[in-house]
Amino acid sequence: MYVKFKFFTIMALVAIFSISGSFVLADDYPSKGVNYVIPFGPGGESDITARHQQPFFKKLFGQDLIISYKPGGGGAVGWAQLNKMKGDGYNIMGINLPHIIVKPQEKAVGFTTEDITGVYMFHYTPDAIVVTNDSEFKTLDDLIAYAKENPGKVTFSGSGKGTANHLAQLRFDKMAGIKTTYVAFKGTGAAVTALLGKQVVAEWGYTSVGAKQAEKARMLAVAMEKRHPEFPDIPTFKELGYDLVSGAFRGIAVPKSTPEDIRMKLSDMIGQINADPEFRKRMEADGMALLDVDYKGYKAFIDEQAKVMLEAAREANIIK
């Protein structure tokens, strides 16, 4: 009897300390550096945005964001390992749309969309149609008119297959009643090189391309609700009559074992960084568009995006 009593007493104490430990962790969090895994190689836009967040995390919370990389499978290698990491708030990982929505539908990649516990979607790189500065197409209407007269002859470079660029091309062709040809390249850099080398007529790129290549290329339209503050002269697709708001969305996720209070705390922290005027200025200067979807709004946001992205992917036979 005594042994049983002692056993249950010990188990009760363990439970109490476990629960209280979670609250202490939330109150004190973060008390050390946070490991921030980017599931791509260095130098890409996921890395660039993490580097922008780094100094503001330090300024606001007094701790370092320690960036590391786990590339492979277009992000799948990292996301497949996310839930194997320790869920103590000190392991976070970058996430991307449409990647975490479309990839699991294409084939077995070691994770499902539901496996990802997102705590904040903090920005997106809006899709944009980009042409060289000497292109004969001065407006979006010019390009559409040519595409209607020459089905399939307008070639677009873009970053990857089943990506934001690719889905934007598919959706826009349907909206505009045109047929164009999408050529998938390994990354935005290669797609830009193809455009500048006149290997393609135009590029389905991002506003970041417009920011970096302003001397050599220009955008005809951007896929945003409102005009980008860095490009006040570039119209949105919506202004021109096409309901296209899209791009590569980025956020942060944690292992499923991460306590609820830490998820909420981290969500609030990323929101504070996003609200910093200097951070916003730096992001917008690189062509990014800020987004504020917190932990509570994450699932609804993903569900909404999934409907649009999966429909486009099915119509293009990217998925079944």
# chains A, B, ... in the order shown; residues from 1 in each chain; ligands from 1
call {"tool": "residues_around", "arguments": {"residues": "Lys212 (chain A)", "least_positions_apart": "5", "cutoff": "12 Å", "atoms": "only C-alpha atoms", "output": "list in words"}}
result
Val130, Thr188, Gly189, Val192, Gly205, Tyr206, Thr207, Ala217, Arg218, Met219, Glu230, Glu284, Ala285, Asp286, Gly287 and Met288 of chain A
call {"tool": "write_last_selection", "arguments": {"atoms": "N, CA and C atoms", "output": "CSV table (one decimal), in the first residue's frame"}}
result
chain,number,residue,atom,x,y,z
A,130,VAL,N,7.1,40.0,-65.4
A,130,VAL,CA,8.3,40.9,-65.6
A,130,VAL,C,8.8,40.7,-67.0
A,188,THR,N,14.5,31.3,-58.6
A,188,THR,CA,14.3,32.6,-59.2
A,188,THR,C,15.5,33.2,-60.0
A,189,GLY,N,16.7,32.9,-59.5
A,189,GLY,CA,17.9,33.4,-60.1
A,189,GLY,C,18.0,32.9,-61.5
A,192,VAL,N,15.4,34.5,-63.8
A,192,VAL,CA,15.8,35.9,-64.2
A,192,VAL,C,16.9,35.9,-65.3
A,205,GLY,N,7.7,36.2,-62.3
A,205,GLY,CA,8.6,36.3,-61.2
A,205,GLY,C,7.9,36.9,-60.0
A,206,TYR,N,8.7,37.6,-59.2
A,206,TYR,CA,8.2,38.3,-58.0
A,206,TYR,C,8.5,39.7,-58.0
A,207,THR,N,7.9,40.5,-57.1
A,207,THR,CA,8.2,41.9,-56.9
A,207,THR,C,9.6,42.1,-56.5
A,217,ALA,N,15.0,45.3,-66.0
A,217,ALA,CA,13.7,44.7,-66.2
A,217,ALA,C,12.6,45.6,-65.5
A,218,ARG,N,11.4,45.4,-66.0
A,218,ARG,CA,10.3,46.1,-65.4
A,218,ARG,C,9.1,45.2,-65.3
A,219,MET,N,8.2,45.5,-64.4
A,219,MET,CA,7.0,44.7,-64.1
A,219,MET,C,5.8,45.3,-64.9
A,230,GLU,N,6.8,50.3,-52.8
A,230,GLU,CA,8.1,50.5,-53.5
A,230,GLU,C,7.9,50.8,-55.0
A,284,GLU,N,10.0,45.8,-47.4
A,284,GLU,CA,9.4,46.4,-48.6
A,284,GLU,C,10.5,46.9,-49.6
A,285,ALA,N,11.6,47.3,-49.1
A,285,ALA,CA,12.7,47.8,-50.0
A,285,ALA,C,13.2,46.6,-50.9
A,286,ASP,N,13.1,45.4,-50.4
A,286,ASP,CA,13.5,44.2,-51.1
A,286,ASP,C,12.3,43.6,-51.9
A,287,GLY,N,11.2,44.3,-52.0
A,287,GLY,CA,10.1,43.9,-52.8
A,287,GLY,C,9.1,42.9,-52.1
A,288,MET,N,9.3,42.8,-50.8
A,288,MET,CA,8.4,41.9,-50.0
A,288,MET,C,7.1,42.6,-49.6
call {"tool": "residues_around", "arguments": {"residues": "Asn83 (chain A)", "least_positions_apart": "6", "cutoff": "12 Å", "atoms": "only C-alpha atoms", "output": "MDAnalysis selection string"}}
result
chainID A and resid 77 91:93 110:112 114:118 253:258
call {"tool": "closest_atom_pairs", "arguments": {"of": "region 60-152 of chain A", "to": "region 291-301 of chain A", "cutoff": "7 Å", "atoms": "only C-alpha atoms", "output": "JSON lines"}}
result
{"residue": "A:Gly118", "atom": "CA", "partner": "A:Tyr298", "partner_atom": "CA", "distance": 6.5}
{"residue": "A:Val119", "atom": "CA", "partner": "A:Tyr295", "partner_atom": "CA", "distance": 4.2}
{"residue": "A:Tyr120", "atom": "CA", "partner": "A:Asp294", "partner_atom": "CA", "distance": 4.6}
{"residue": "A:Met121", "atom": "CA", "partner": "A:Val293", "partner_atom": "CA", "distance": 5.0}
{"residue": "A:Phe122", "atom": "CA", "partner": "A:Leu291", "partner_atom": "CA", "distance": 4.7}
{"residue": "A:His123", "atom": "CA", "partner": "A:Leu291", "partner_atom": "CA", "distance": 4.3}
{"residue": "A:Tyr124", "atom": "CA", "partner": "A:Leu291", "partner_atom": "CA", "distance": 6.7}
call {"tool": "residues_around", "arguments": {"residues": "Asp127 (chain A)", "least_positions_apart": "3", "cutoff": "12 Å", "atoms": "only C-alpha atoms", "output": "PyMOL selection string"}}
result
chain A and resi 124+130+158-159+163-169+171-172+188+203-210+219-225+228+236-237+244-249+287-289
call {"tool": "select_by_dssp", "arguments": {"residues": "region 62-91 of chain A", "states": "helix (DSSP H, G or I)", "output": "PyMOL selection string"}}
result
chain A and resi 73-84
call {"tool": "atom_distance", "arguments": {"atom1": "CA of Pro259 (chain A)", "atom2": "CA of Asp88 (chain A)"}}
result
7.3 Å
call {"tool": "atom_distance", "arguments": {"atom1": "CA of Tyr90 (chain A)", "atom2": "CA of Leu65 (chain A)"}}
result
9.4 Å
call {"tool": "select_by_dssp", "arguments": {"residues": "region 13-167 of chain A", "states": "strand (DSSP E or B)", "output": "PyMOL selection string"}}
result
chain A and resi 34-38+65-69+91-97+117-132+155-159
call {"tool": "write_last_selection", "arguments": {"atoms": "C-alpha atoms", "output": "PDB file, in the first residue's frame"}}
result
ATOM      1  CA  VAL A  34      16.400  30.117 -30.805  1.00  0.00           C
ATOM      2  CA  ASN A  35      17.376  27.705 -33.580  1.00  0.00           C
ATOM      3  CA  TYR A  36      15.730  28.904 -36.803  1.00  0.00           C
ATOM      4  CA  VAL A  37      15.889  26.238 -39.518  1.00  0.00           C
ATOM      5  CA  ILE A  38      15.504  27.275 -43.143  1.00  0.00           C
ATOM      6  CA  LEU A  65      18.009  33.767 -33.851  1.00  0.00           C
ATOM      7  CA  ILE A  66      20.504  31.090 -34.846  1.00  0.00           C
ATOM      8  CA  ILE A  67      19.917  30.388 -38.523  1.00  0.00           C
ATOM      9  CA  SER A  68      20.751  26.980 -39.975  1.00  0.00           C
ATOM     10  CA  TYR A  69      19.850  25.204 -43.198  1.00  0.00           C
ATOM     11  CA  ASN A  91      13.377  25.046 -32.482  1.00  0.00           C
ATOM     12  CA  ILE A  92      11.417  26.815 -35.206  1.00  0.00           C
ATOM     13  CA  MET A  93      11.334  26.343 -38.967  1.00  0.00           C
ATOM     14  CA  GLY A  94      10.473  28.442 -41.985  1.00  0.00           C
ATOM     15  CA  ILE A  95       7.450  27.351 -44.024  1.00  0.00           C
ATOM     16  CA  ASN A  96       6.373  28.274 -47.545  1.00  0.00           C
ATOM     17  CA  LEU A  97       3.204  28.260 -49.619  1.00  0.00           C
ATOM     18  CA  THR A 117       2.002  23.616 -36.913  1.00  0.00           C
ATOM     19  CA  GLY A 118       2.278  27.159 -38.179  1.00  0.00           C
ATOM     20  CA  VAL A 119       2.365  29.992 -35.662  1.00  0.00           C
ATOM     21  CA  TYR A 120       2.619  32.984 -38.002  1.00  0.00           C
ATOM     22  CA  MET A 121       2.574  33.833 -41.711  1.00  0.00           C
ATOM     23  CA  PHE A 122       4.546  37.043 -41.839  1.00  0.00           C
ATOM     24  CA  HIS A 123       4.973  38.026 -45.476  1.00  0.00           C
ATOM     25  CA  TYR A 124       4.681  37.061 -49.097  1.00  0.00           C
ATOM     26  CA  THR A 125       6.599  37.830 -52.248  1.00  0.00           C
ATOM     27  CA  PRO A 126       3.861  38.843 -54.699  1.00  0.00           C
ATOM     28  CA  ASP A 127       3.832  37.271 -58.143  1.00  0.00           C
ATOM     29  CA  ALA A 128       4.510  39.659 -61.008  1.00  0.00           C
ATOM     30  CA  ILE A 129       4.879  39.546 -64.763  1.00  0.00           C
ATOM     31  CA  VAL A 130       8.332  40.870 -65.610  1.00  0.00           C
ATOM     32  CA  VAL A 131       9.773  41.842 -68.995  1.00  0.00           C
ATOM     33  CA  THR A 132      13.078  43.354 -70.042  1.00  0.00           C
ATOM     34  CA  THR A 155       7.050  31.886 -73.100  1.00  0.00           C
ATOM     35  CA  PHE A 156       7.466  32.601 -69.398  1.00  0.00           C
ATOM     36  CA  SER A 157      10.375  31.565 -67.216  1.00  0.00           C
ATOM     37  CA  GLY A 158       9.511  30.824 -63.608  1.00  0.00           C
ATOM     38  CA  SER A 159      10.857  29.255 -60.458  1.00  0.00           C
TER      39      SER A 159
END
call {"tool": "residues_around", "arguments": {"residues": "Thr113 (chain A)", "least_positions_apart": "4", "cutoff": "9 Å", "atoms": "only C-alpha atoms", "output": "PyMOL selection string"}}
result
chain A and resi 100-104+117+302
call {"tool": "decode", "arguments": {"residues": "region 191-208 of chain A", "atoms": "N, CA and C atoms", "output": "PDB file, in the first residue's frame"}}
result
ATOM      1  N   ALA A 191      15.619  31.779 -63.405  1.00  0.00           N
ATOM      2  CA  ALA A 191      14.506  32.303 -64.206  1.00  0.00           C
ATOM      3  C   ALA A 191      14.802  33.728 -64.672  1.00  0.00           C
ATOM      4  N   VAL A 192      15.416  34.510 -63.807  1.00  0.00           N
ATOM      5  CA  VAL A 192      15.802  35.882 -64.165  1.00  0.00           C
ATOM      6  C   VAL A 192      16.862  35.862 -65.264  1.00  0.00           C
ATOM      7  N   THR A 193      17.856  34.989 -65.113  1.00  0.00           N
ATOM      8  CA  THR A 193      18.918  34.874 -66.117  1.00  0.00           C
ATOM      9  C   THR A 193      18.339  34.543 -67.484  1.00  0.00           C
ATOM     10  N   ALA A 194      17.342  33.660 -67.509  1.00  0.00           N
ATOM     11  CA  ALA A 194      16.695  33.292 -68.767  1.00  0.00           C
ATOM     12  C   ALA A 194      15.980  34.488 -69.383  1.00  0.00           C
ATOM     13  N   LEU A 195      15.341  35.290 -68.542  1.00  0.00           N
ATOM     14  CA  LEU A 195      14.654  36.485 -69.033  1.00  0.00           C
ATOM     15  C   LEU A 195      15.650  37.483 -69.618  1.00  0.00           C
ATOM     16  N   LEU A 196      16.673  37.807 -68.851  1.00  0.00           N
ATOM     17  CA  LEU A 196      17.644  38.811 -69.299  1.00  0.00           C
ATOM     18  C   LEU A 196      18.437  38.334 -70.506  1.00  0.00           C
ATOM     19  N   GLY A 197      18.576  37.009 -70.638  1.00  0.00           N
ATOM     20  CA  GLY A 197      19.285  36.449 -71.794  1.00  0.00           C
ATOM     21  C   GLY A 197      18.385  36.256 -73.004  1.00  0.00           C
ATOM     22  N   LYS A 198      17.140  36.719 -72.912  1.00  0.00           N
ATOM     23  CA  LYS A 198      16.156  36.646 -73.997  1.00  0.00           C
ATOM     24  C   LYS A 198      15.850  35.200 -74.410  1.00  0.00           C
ATOM     25  N   GLN A 199      15.995  34.267 -73.465  1.00  0.00           N
ATOM     26  CA  GLN A 199      15.616  32.877 -73.744  1.00  0.00           C
ATOM     27  C   GLN A 199      14.102  32.712 -73.694  1.00  0.00           C
ATOM     28  N   VAL A 200      13.428  33.644 -73.029  1.00  0.00           N
ATOM     29  CA  VAL A 200      11.971  33.645 -72.915  1.00  0.00           C
ATOM     30  C   VAL A 200      11.453  35.045 -73.197  1.00  0.00           C
ATOM     31  N   VAL A 201      10.168  35.138 -73.428  1.00  0.00           N
ATOM     32  CA  VAL A 201       9.551  36.437 -73.721  1.00  0.00           C
ATOM     33  C   VAL A 201       9.379  37.266 -72.453  1.00  0.00           C
ATOM     34  N   ALA A 202       9.015  36.591 -71.355  1.00  0.00           N
ATOM     35  CA  ALA A 202       8.740  37.281 -70.085  1.00  0.00           C
ATOM     36  C   ALA A 202       9.004  36.313 -68.934  1.00  0.00           C
ATOM     37  N   GLU A 203       8.811  36.795 -67.731  1.00  0.00           N
ATOM     38  CA  GLU A 203       8.996  35.945 -66.554  1.00  0.00           C
ATOM     39  C   GLU A 203       7.808  36.080 -65.618  1.00  0.00           C
ATOM     40  N   TRP A 204       7.336  34.945 -65.100  1.00  0.00           N
ATOM     41  CA  TRP A 204       6.464  34.993 -63.936  1.00  0.00           C
ATOM     42  C   TRP A 204       7.420  34.983 -62.751  1.00  0.00           C
ATOM     43  N   GLY A 205       7.707  36.185 -62.271  1.00  0.00           N
ATOM     44  CA  GLY A 205       8.641  36.327 -61.160  1.00  0.00           C
ATOM     45  C   GLY A 205       7.936  36.895 -59.951  1.00  0.00           C
ATOM     46  N   TYR A 206       8.681  37.649 -59.187  1.00  0.00           N
ATOM     47  CA  TYR A 206       8.155  38.260 -57.968  1.00  0.00           C
ATOM     48  C   TYR A 206       8.495  39.748 -57.960  1.00  0.00           C
ATOM     49  N   THR A 207       7.855  40.474 -57.076  1.00  0.00           N
ATOM     50  CA  THR A 207       8.182  41.900 -56.917  1.00  0.00           C
ATOM     51  C   THR A 207       9.636  42.076 -56.494  1.00  0.00           C
ATOM     52  N   SER A 208      10.213  41.071 -55.863  1.00  0.00           N
ATOM     53  CA  SER A 208      11.624  41.150 -55.477  1.00  0.00           C
ATOM     54  C   SER A 208      12.514  41.220 -56.721  1.00  0.00           C
TER      55      SER A 208
END
